[in-house]
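Participant: The structure file run_14.cif (mmCIF, C-alpha atoms and all ligand atoms) is provided below.
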```cif
data_run
loop_
_atom_site.label_atom_id
_atom_site.label_comp_id
_atom_site.auth_asym_id
_atom_site.auth_seq_id
_atom_site.Cartn_x
_atom_site.Cartn_y
_atom_site.Cartn_z
CA MET T 1 -65.64 -184.44 -22.03
CA TYR T 2 -64.78 -187.67 -20.18
CA ILE T 3 -66.73 -186.50 -17.13
CA ILE T 4 -69.82 -185.63 -19.22
CA ILE T 5 -69.79 -189.05 -20.97
CA LYS T 6 -69.33 -190.79 -17.62
CA LYS T 7 -72.30 -188.90 -16.15
CA ILE T 8 -74.53 -189.76 -19.14
CA LEU T 9 -73.52 -193.44 -18.94
CA GLN T 10 -74.11 -193.56 -15.19
CA SER T 11 -77.53 -191.96 -15.49
CA SER T 12 -78.61 -194.41 -18.20
CA MET T 13 -77.42 -197.40 -16.10
CA SER T 14 -79.90 -196.79 -13.30
CA SER T 15 -81.18 -199.96 -11.65
CA PRO T 16 -84.95 -200.46 -11.53
CA ASN T 17 -84.84 -199.95 -7.75
CA ARG T 18 -83.65 -196.42 -8.31
CA VAL T 19 -86.16 -194.14 -9.96
CA ARG T 20 -86.72 -190.43 -10.45
CA TRP T 21 -90.07 -189.48 -11.92
CA VAL T 22 -91.74 -186.20 -12.71
CA PHE T 23 -95.34 -185.52 -13.73
CA ASP T 24 -96.72 -182.29 -15.13
CA CYS T 25 -100.18 -181.63 -13.64
CA GLU T 26 -100.67 -178.42 -15.60
CA ASN T 27 -101.11 -180.41 -18.78
CA TRP T 28 -103.31 -183.06 -17.19
CA PHE T 29 -107.02 -182.29 -17.40
CA PRO T 30 -108.57 -185.50 -16.07
CA SER T 31 -111.89 -186.53 -17.60
CA LYS T 32 -114.42 -188.13 -15.25
CA ASN T 33 -113.18 -191.50 -16.45
CA GLU T 34 -109.55 -190.71 -15.75
CA TRP T 35 -110.32 -189.23 -12.34
CA SER T 36 -112.33 -192.32 -11.49
CA HIS T 37 -109.44 -194.54 -12.64
CA ALA T 38 -107.04 -192.54 -10.45
CA PHE T 39 -109.04 -192.45 -7.19
CA ARG T 40 -110.15 -196.08 -7.47
CA SER T 41 -106.46 -197.07 -7.65
CA ILE T 42 -105.44 -195.54 -4.31
CA GLN T 43 -106.24 -196.51 -0.71
CA SER T 44 -109.58 -195.38 0.68
CA GLU T 45 -108.08 -193.18 3.45
CA GLU T 46 -105.97 -191.35 0.83
CA LYS T 47 -109.01 -190.99 -1.40
CA GLU T 48 -110.89 -189.36 1.50
CA ARG T 49 -107.96 -187.04 2.32
CA ILE T 50 -107.68 -185.97 -1.33
CA GLY T 51 -111.44 -185.40 -1.50
CA ARG T 52 -111.07 -182.70 1.17
CA PHE T 53 -108.89 -180.42 -0.99
CA VAL T 54 -110.73 -177.26 -1.98
CA PHE T 55 -108.92 -176.87 -5.31
CA LYS T 56 -108.45 -179.29 -8.19
CA ARG T 57 -104.77 -178.38 -8.49
CA ASP T 58 -103.97 -179.67 -4.97
CA ALA T 59 -106.09 -182.81 -5.39
CA LYS T 60 -104.38 -183.59 -8.69
CA SER T 61 -100.84 -183.17 -7.26
CA SER T 62 -101.59 -185.32 -4.26
CA ILE T 63 -103.25 -188.14 -6.18
CA ILE T 64 -100.37 -188.24 -8.67
CA GLY T 65 -97.94 -188.59 -5.73
CA GLN T 66 -99.98 -191.52 -4.41
CA LEU T 67 -100.06 -193.20 -7.82
CA MET T 68 -96.29 -192.79 -8.14
CA ILE T 69 -95.77 -194.52 -4.78
CA MET T 70 -98.11 -197.38 -5.75
CA LYS T 71 -96.45 -197.78 -9.18
CA TYR T 72 -92.96 -197.84 -7.67
CA LEU T 73 -93.82 -200.41 -5.01
CA SER T 74 -95.81 -202.68 -7.29
CA GLU T 75 -93.15 -202.66 -10.03
CA THR T 76 -90.07 -202.76 -7.83
CA ALA T 77 -91.20 -205.08 -5.07
CA CYS T 78 -93.25 -207.10 -7.59
CA VAL T 79 -96.26 -206.96 -5.28
CA PRO T 80 -99.71 -206.77 -6.87
CA TRP T 81 -101.00 -203.19 -6.74
CA SER T 82 -104.03 -204.16 -4.65
CA ASN T 83 -101.83 -205.80 -1.95
CA ILE T 84 -99.81 -202.67 -1.20
CA LYS T 85 -100.50 -201.03 2.13
CA ILE T 86 -98.96 -197.59 2.50
CA LYS T 87 -98.89 -196.30 6.08
CA ARG T 88 -98.03 -192.88 7.51
CA ASP T 89 -95.75 -192.40 10.51
CA THR T 90 -96.38 -189.93 13.36
CA ASN T 91 -94.88 -187.11 11.24
CA ASN T 92 -97.12 -188.04 8.33
CA LYS T 93 -94.37 -189.58 6.20
CA PRO T 94 -95.69 -192.36 3.94
CA PHE T 95 -93.84 -195.70 4.23
CA ILE T 96 -94.44 -199.42 3.97
CA GLU T 97 -93.63 -201.93 6.67
CA ASP T 98 -90.96 -204.64 6.46
CA CYS T 99 -89.47 -203.45 3.20
CA ASN T 100 -86.11 -201.98 2.23
CA LEU T 101 -87.63 -199.76 -0.47
CA ASN T 102 -87.67 -196.07 0.39
CA PHE T 103 -89.44 -193.32 -1.47
CA ASN T 104 -90.50 -189.71 -1.21
CA VAL T 105 -92.74 -187.30 -3.11
CA SER T 106 -92.81 -183.54 -3.49
CA HIS T 107 -95.06 -181.11 -5.37
CA ASP T 108 -94.88 -177.47 -6.22
CA GLU T 109 -97.05 -175.57 -8.68
CA SER T 110 -97.56 -177.85 -11.69
CA LEU T 111 -94.91 -180.51 -11.05
CA VAL T 112 -94.91 -183.62 -8.89
CA VAL T 113 -91.59 -185.43 -8.35
CA PHE T 114 -90.81 -188.84 -6.93
CA ALA T 115 -87.57 -190.51 -5.84
CA GLY T 116 -87.34 -194.22 -5.04
CA GLU T 117 -84.30 -196.04 -3.62
CA LYS T 118 -83.42 -199.44 -2.12
CA ASN T 119 -81.59 -199.61 1.23
CA THR T 120 -81.14 -195.82 1.32
CA SER T 121 -83.11 -193.14 3.10
CA VAL T 122 -84.37 -190.64 0.58
CA GLY T 123 -86.04 -187.23 0.68
CA VAL T 124 -87.00 -185.05 -2.26
CA ASP T 125 -88.10 -181.45 -2.53
CA ILE T 126 -89.10 -179.27 -5.45
CA MET T 127 -89.61 -175.51 -5.66
CA ARG T 128 -90.41 -173.35 -8.67
CA ASN T 129 -87.84 -170.57 -8.91
CA HIS T 130 -90.28 -167.77 -8.80
CA TYR T 131 -91.49 -165.76 -5.85
CA LYS T 132 -95.20 -166.29 -5.32
CA GLY T 133 -95.81 -164.66 -1.93
CA GLY T 134 -98.24 -161.79 -1.34
CA LYS T 135 -95.67 -159.96 0.81
CA SER T 136 -92.69 -157.99 -0.49
CA LEU T 137 -89.59 -160.11 -0.95
CA SER T 138 -87.77 -158.31 1.87
CA GLU T 139 -90.66 -158.96 4.27
CA PHE T 140 -90.70 -162.63 3.21
CA PHE T 141 -86.93 -162.90 3.79
CA ARG T 142 -87.31 -161.20 7.17
CA LEU T 143 -89.87 -163.83 8.22
CA MET T 144 -87.77 -166.73 6.90
CA HIS T 145 -84.56 -165.42 8.48
CA ARG T 146 -84.70 -167.67 11.54
CA ASN T 147 -84.48 -170.82 9.39
CA PHE T 148 -81.01 -170.01 8.05
CA SER T 149 -77.51 -169.51 9.44
CA LEU T 150 -75.66 -166.20 8.95
CA LYS T 151 -73.37 -167.85 6.40
CA GLU T 152 -76.36 -169.10 4.42
CA TRP T 153 -77.91 -165.61 4.42
CA ASP T 154 -74.66 -164.13 3.13
CA TYR T 155 -74.85 -166.61 0.30
CA ILE T 156 -78.54 -165.87 -0.41
CA ASN T 157 -78.17 -162.10 -0.24
CA ASN T 158 -75.91 -161.92 -3.29
CA GLY T 159 -76.72 -160.68 -6.79
CA THR T 160 -79.94 -159.54 -8.42
CA GLU T 161 -83.40 -160.12 -6.96
CA LYS T 162 -83.88 -163.12 -9.28
CA GLN T 163 -80.57 -164.64 -8.14
CA LYS T 164 -81.54 -164.16 -4.49
CA ILE T 165 -84.86 -165.93 -5.05
CA ASN T 166 -83.17 -168.82 -6.85
CA THR T 167 -80.56 -169.20 -4.11
CA PHE T 168 -83.22 -168.99 -1.41
CA TYR T 169 -85.15 -171.84 -3.02
CA ARG T 170 -81.95 -173.82 -3.49
CA PHE T 171 -81.26 -173.68 0.26
CA TRP T 172 -84.92 -174.36 1.03
CA CYS T 173 -84.93 -177.51 -1.14
CA LEU T 174 -81.68 -178.69 0.49
CA LYS T 175 -83.15 -178.27 3.98
CA GLU T 176 -86.51 -179.79 3.15
CA SER T 177 -85.06 -182.76 1.27
CA TYR T 178 -83.01 -183.55 4.41
CA VAL T 179 -85.87 -183.21 6.91
CA LYS T 180 -88.01 -185.33 4.60
CA ALA T 181 -85.28 -188.01 4.31
CA ILE T 182 -84.96 -188.25 8.10
CA GLY T 183 -88.75 -188.01 8.34
CA THR T 184 -89.04 -185.23 10.93
CA GLY T 185 -90.46 -182.70 8.47
CA LEU T 186 -90.35 -179.17 9.84
CA THR T 187 -90.45 -180.25 13.49
CA ILE T 188 -86.69 -179.61 13.89
CA ASN T 189 -84.85 -176.29 13.96
CA LEU T 190 -83.79 -175.63 10.37
CA ARG T 191 -81.17 -173.13 11.52
CA ASN T 192 -79.07 -176.04 12.84
CA VAL T 193 -79.21 -177.75 9.44
CA CYS T 194 -76.70 -175.72 7.40
CA PHE T 195 -75.46 -176.11 3.89
CA VAL T 196 -72.21 -175.08 2.26
CA PRO T 197 -72.46 -175.10 -1.55
CA LYS T 198 -69.22 -175.45 -3.51
CA GLN T 199 -70.62 -174.40 -6.90
CA ASP T 200 -73.65 -172.85 -8.59
CA LEU T 201 -76.44 -174.98 -10.07
CA LYS T 202 -76.33 -175.45 -13.83
CA LYS T 203 -79.00 -176.44 -16.34
CA ASN T 204 -78.63 -180.02 -17.68
CA ASP T 205 -76.15 -181.00 -14.99
CA PHE T 206 -76.17 -182.25 -11.41
CA VAL T 207 -74.45 -180.75 -8.41
CA THR T 208 -73.47 -183.36 -5.82
CA ASP T 209 -70.79 -181.71 -3.67
CA THR T 210 -72.83 -179.46 -1.35
CA GLU T 211 -71.90 -180.15 2.28
CA LEU T 212 -74.27 -180.49 5.20
CA TYR T 213 -73.47 -179.40 8.77
CA VAL T 214 -75.81 -180.34 11.60
CA ASN T 215 -75.13 -178.48 14.85
CA ASN T 216 -71.80 -177.38 13.32
CA GLU T 217 -70.66 -180.93 12.59
CA VAL T 218 -70.08 -181.98 9.00
CA MET T 219 -72.25 -184.93 7.89
CA HIS T 220 -70.29 -186.88 5.30
CA ASN T 221 -72.85 -189.68 5.21
CA TRP T 222 -75.52 -187.47 3.57
CA VAL T 223 -75.35 -186.52 -0.10
CA PHE T 224 -77.48 -184.10 -2.07
CA HIS T 225 -78.24 -184.34 -5.76
CA GLU T 226 -79.32 -180.90 -6.92
CA TYR T 227 -81.01 -180.33 -10.27
CA LEU T 228 -82.24 -177.33 -12.22
CA TYR T 229 -85.27 -178.71 -14.04
CA HIS T 230 -86.70 -176.03 -16.36
CA ASP T 231 -87.52 -173.24 -13.90
CA TYR T 232 -87.67 -175.55 -10.88
CA THR T 233 -85.04 -176.59 -8.36
CA ILE T 234 -85.19 -180.23 -7.30
CA THR T 235 -83.05 -181.73 -4.54
CA VAL T 236 -82.74 -185.39 -3.65
CA CYS T 237 -81.17 -186.20 -0.27
CA LEU T 238 -79.66 -189.66 0.28
CA ASN T 239 -77.68 -191.30 3.06
CA ARG T 240 -75.38 -193.15 0.68
CA ASN T 241 -72.85 -191.86 -1.79
CA ILE T 242 -74.47 -192.97 -5.01
CA HIS T 243 -74.49 -191.43 -8.48
CA PRO T 244 -77.35 -189.14 -9.52
CA ILE T 245 -79.88 -190.23 -12.15
CA GLU T 246 -82.07 -188.20 -14.52
CA PHE T 247 -85.74 -187.45 -13.85
CA LYS T 248 -88.07 -189.15 -16.30
CA MET T 249 -91.33 -187.44 -17.27
CA LEU T 250 -94.29 -189.84 -16.94
CA SER T 251 -97.61 -189.66 -18.80
CA PHE T 252 -100.86 -190.52 -17.00
CA ASN T 253 -101.07 -193.79 -18.96
CA GLU T 254 -97.57 -194.81 -17.88
CA LEU T 255 -98.48 -193.98 -14.30
CA ILE T 256 -101.54 -196.22 -14.21
CA TYR T 257 -100.17 -198.93 -16.49
CA ASN T 258 -100.19 -201.60 -13.72
CA ALA T 259 -102.93 -200.06 -11.60
CA GLU T 260 -105.69 -202.18 -10.11
CA TYR T 261 -108.92 -200.94 -8.63
CA ILE T 262 -108.93 -200.96 -4.85
CA THR T 263 -112.24 -199.23 -4.19
CA GLU T 264 -115.67 -199.12 -5.80
CA ASP T 265 -116.78 -196.51 -8.29
CA ASP T 266 -118.09 -193.33 -6.65
CA GLU T 267 -120.06 -191.05 -8.96
CA ASN T 268 -120.58 -188.43 -6.26
CA TYR T 269 -116.83 -188.21 -5.50
CA CYS T 270 -116.18 -187.71 -9.20
CA ASN T 271 -118.83 -185.01 -9.59
CA ILE T 272 -117.53 -183.08 -6.57
CA PHE T 273 -114.02 -183.08 -8.05
CA MET T 274 -115.21 -181.99 -11.52
CA ALA T 275 -117.07 -179.02 -9.98
CA LYS T 276 -114.02 -177.68 -8.11
CA GLU T 277 -112.10 -174.54 -9.15
CA ASN T 278 -108.61 -175.34 -10.36
CA GLN T 279 -106.81 -172.95 -8.00
CA PRO T 280 -107.42 -169.80 -5.93
CA LYS T 281 -108.21 -166.72 -8.06
N1 LIG V 301 -91.26 -186.63 5.93
C1 LIG V 301 -91.10 -186.92 4.64
N2 LIG V 301 -92.09 -186.84 3.70
C2 LIG V 301 -93.29 -186.43 4.12
C3 LIG V 301 -93.55 -186.10 5.47
C4 LIG V 301 -92.46 -186.21 6.40
N3 LIG V 301 -92.60 -185.94 7.69
N4 LIG V 301 -94.83 -185.72 5.59
C5 LIG V 301 -95.38 -185.82 4.36
N5 LIG V 301 -94.45 -186.26 3.46
C6 LIG V 301 -94.56 -186.53 2.03
C7 LIG V 301 -95.97 -186.83 1.56
O1 LIG V 301 -95.91 -187.75 0.50
C8 LIG V 301 -96.44 -185.48 1.07
O2 LIG V 301 -97.38 -185.58 0.02
P1 LIG V 301 -98.96 -185.55 0.35
O3 LIG V 301 -99.17 -184.30 1.15
O4 LIG V 301 -99.62 -185.50 -0.98
O5 LIG V 301 -99.20 -186.78 1.12
C9 LIG V 301 -95.19 -184.86 0.52
O6 LIG V 301 -94.13 -185.34 1.35
C10 LIG V 301 -95.25 -183.36 0.56
O7 LIG V 301 -94.01 -182.83 0.22
P2 LIG V 301 -93.91 -181.36 -0.42
O8 LIG V 301 -94.74 -181.30 -1.63
O9 LIG V 301 -92.47 -181.05 -0.55
O10 LIG V 301 -94.68 -180.50 0.65
P3 LIG V 301 -94.31 -179.25 1.56
O11 LIG V 301 -93.09 -178.62 1.03
O12 LIG V 301 -95.52 -178.43 1.69
O13 LIG V 301 -94.09 -179.91 2.96
C11 LIG V 301 -93.08 -181.07 4.79
C12 LIG V 301 -93.27 -180.89 3.30
C13 LIG V 301 -93.19 -182.59 4.97
C14 LIG V 301 -91.71 -180.63 5.18
C15 LIG V 301 -94.11 -180.43 5.69
O14 LIG V 301 -93.77 -180.74 6.97
C16 LIG V 301 -94.35 -178.93 5.75
O15 LIG V 301 -95.06 -178.54 6.60
N6 LIG V 301 -93.83 -178.03 4.97
C17 LIG V 301 -94.07 -176.58 5.01
C18 LIG V 301 -93.67 -176.01 3.74
C19 LIG V 301 -93.34 -174.52 3.81
O16 LIG V 301 -93.46 -173.85 4.82
N7 LIG V 301 -92.88 -174.02 2.69
C20 LIG V 301 -92.46 -172.66 2.55
C21 LIG V 301 -91.48 -172.63 1.41
S1 LIG V 301 -90.76 -171.10 1.13
MG MG V 302 -91.68 -179.03 -0.27
#
```
Can the structure in the file be given as structure tokens, please?

Facilitator:
Amino acid sequence: MYIIIKKILQSSMSSPNRVRWVFDCENWFPSKNEWSHAFRSIQSEEKERIGRFVFKRDAKSSIIGQLMIMKYLSETACVPWSNIKIKRDTNNKPFIEDCNLNFNVSHDESLVVFAGEKNTSVGVDIMRNHYKGGKSLSEFFRLMHRNFSLKEWDYINNGTEKQKINTFYRFWCLKESYVKAIGTGLTINLRNVCFVPKQDLKKNDFVTDTELYVNNEVMHNWVFHEYLYHDYTITVCLNRNIHPIEFKMLSFNELIYNAEYITEDDENYCNIFMAKENQPK
């Protein structure tokens, strides 16, 4: 009981520098007006990149991620929205120069998640716990085998098919949150980034005691906050031992509350988006 109360208190005491946001794109059907509001509030190079997506679903997820970054930086660093300049490093990781605010975005299926932290590297990854591949599960596991250690496979290969899928995505989120926190993305060998879980994930609770080994050496300076959020797994990787906080669901209006227009209106851009299919058939 004491531990539960402590966790609730800690999660409600989050400082404004520390945020966890989630947005549900499946229930967001942007009108022309809303789409225009969204793309006019992001940088022109990001607008162009998002315009190249074939499907609405991908464009929506990516623009929401951009708006989350802009909202976090403008509210936390108290910089006017239109003065923010997000850059991308050589591995494509978004960042801003000369600032101790760190952030990361992830999307899968209908959800977009965001984690923001001060003075702490942060990576986030989300996966829906359901197998979506065209191949059989065993073929998929065979192809993914090289990304995991033998110990990790032993852990994954336990229980029913559903349990195996959930555990696979748990390990995947752990690995990706780490490579996103250090910024390399998938350029490093994931087999050398190994995780040892101490307990199963539980709904409405956090797991924070999973250990990381890199090249067989335990990394005590990295912590992982693992969440089961509806039927998604979310993992936040941090290089500081700090308490986990709850994800807050944002509405579109909350997201653009402080937004300022950065670019001109663009009727053609809007029409092209409205005509797109939502997702592959
Ligand atoms: N480090 C940290 N963050 C990065 C990044 C990097 N090197 N590169 C991009 N990002 C950020 C961006 O904000 C990006 O959003 P955007 O594309 O809208 O700009 C966001 O992370 C994407 O994260 P996520 O939604 O988790 O994407 P992903 O899982 O497809 O890919 C990477 C994330 C960065 C690891 C990418 O290198 C990659 O190629 N992943 C392959 C994924 C894969 O094979 N999945 C199979 C799962 S079973
Ligand atoms: Mg991912």

Participant: I need the residue nearest ligand MG 302 (chain V) from this list: T:Arg240, T:Lys248, T:Arg170, T:Arg18. Use all atoms listed in the file for the distance.

Facilitator: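 Checking each of T:Arg240, T:Lys248, T:Arg170, T:Arg18 against ligand MG 302 (chain V), counting all atoms listed in the file, the winner is T:Arg170.
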
Participant: Between T:Cys173, T:Val112, T:Ile156, T:Leu150, which has the minimum distance to T:Asn192 (counting only C-alpha atoms)?

Facilitator: T:Leu150

Participant: So what do you get for atom C11 of ligand LIG 301 (chain V) versus atom CA of T:Arg88, distance-wise?

Facilitator: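 That distance, rounded to one decimal, is 13.1 Å.
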
Participant: I need every residue sitting at most 12 Å from the point (-107.8, -194.8, -13.6) (coordinates as in the file, only C-alpha atoms considered), written as a PyMOL selection string.

Facilitator: chain T and resi 30-42+63-64+67+252-265+270

Participant: Give as a short mmCIF file (atom, residue, chain, number, x, y, z; two decimals) with C-alpha atoms, in the frame of the given file each residue that has an atom at most 12 Å from (-100.3, -178.7, -14.6) in the file, counting all atoms listed in the file.

Facilitator:
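selection26.cif, freshly written:
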```cif
data_model
loop_
_atom_site.label_atom_id
_atom_site.label_comp_id
_atom_site.auth_asym_id
_atom_site.auth_seq_id
_atom_site.Cartn_x
_atom_site.Cartn_y
_atom_site.Cartn_z
CA VAL T 22 -91.74 -186.20 -12.71
CA PHE T 23 -95.34 -185.52 -13.73
CA ASP T 24 -96.72 -182.29 -15.13
CA CYS T 25 -100.18 -181.63 -13.64
CA GLU T 26 -100.67 -178.42 -15.60
CA ASN T 27 -101.11 -180.41 -18.78
CA TRP T 28 -103.31 -183.06 -17.19
CA PHE T 29 -107.02 -182.29 -17.40
CA PRO T 30 -108.57 -185.50 -16.07
CA LYS T 56 -108.45 -179.29 -8.19
CA ARG T 57 -104.77 -178.38 -8.49
CA ASP T 58 -103.97 -179.67 -4.97
CA ALA T 59 -106.09 -182.81 -5.39
CA LYS T 60 -104.38 -183.59 -8.69
CA SER T 61 -100.84 -183.17 -7.26
CA ILE T 64 -100.37 -188.24 -8.67
CA HIS T 107 -95.06 -181.11 -5.37
CA ASP T 108 -94.88 -177.47 -6.22
CA GLU T 109 -97.05 -175.57 -8.68
CA SER T 110 -97.56 -177.85 -11.69
CA LEU T 111 -94.91 -180.51 -11.05
CA VAL T 112 -94.91 -183.62 -8.89
CA ASN T 278 -108.61 -175.34 -10.36
CA GLN T 279 -106.81 -172.95 -8.00
#
```

Participant: Quick one: distance from atom P1 of ligand LIG 301 (chain V) to atom CA of T:Pro94 in Å, one decimal?

Facilitator: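 Computed distance, atom P1 of ligand LIG 301 (chain V) to atom CA of T:Pro94, equals 8.4 Å.
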
Participant: Which is closest to T:Glu176 among T:Glu267, T:Asp98, T:Glu75, T:Asp125, if we use all atoms listed in the file?

Facilitator: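 Closest residue, counting all atoms listed in the file: T:Asp125.
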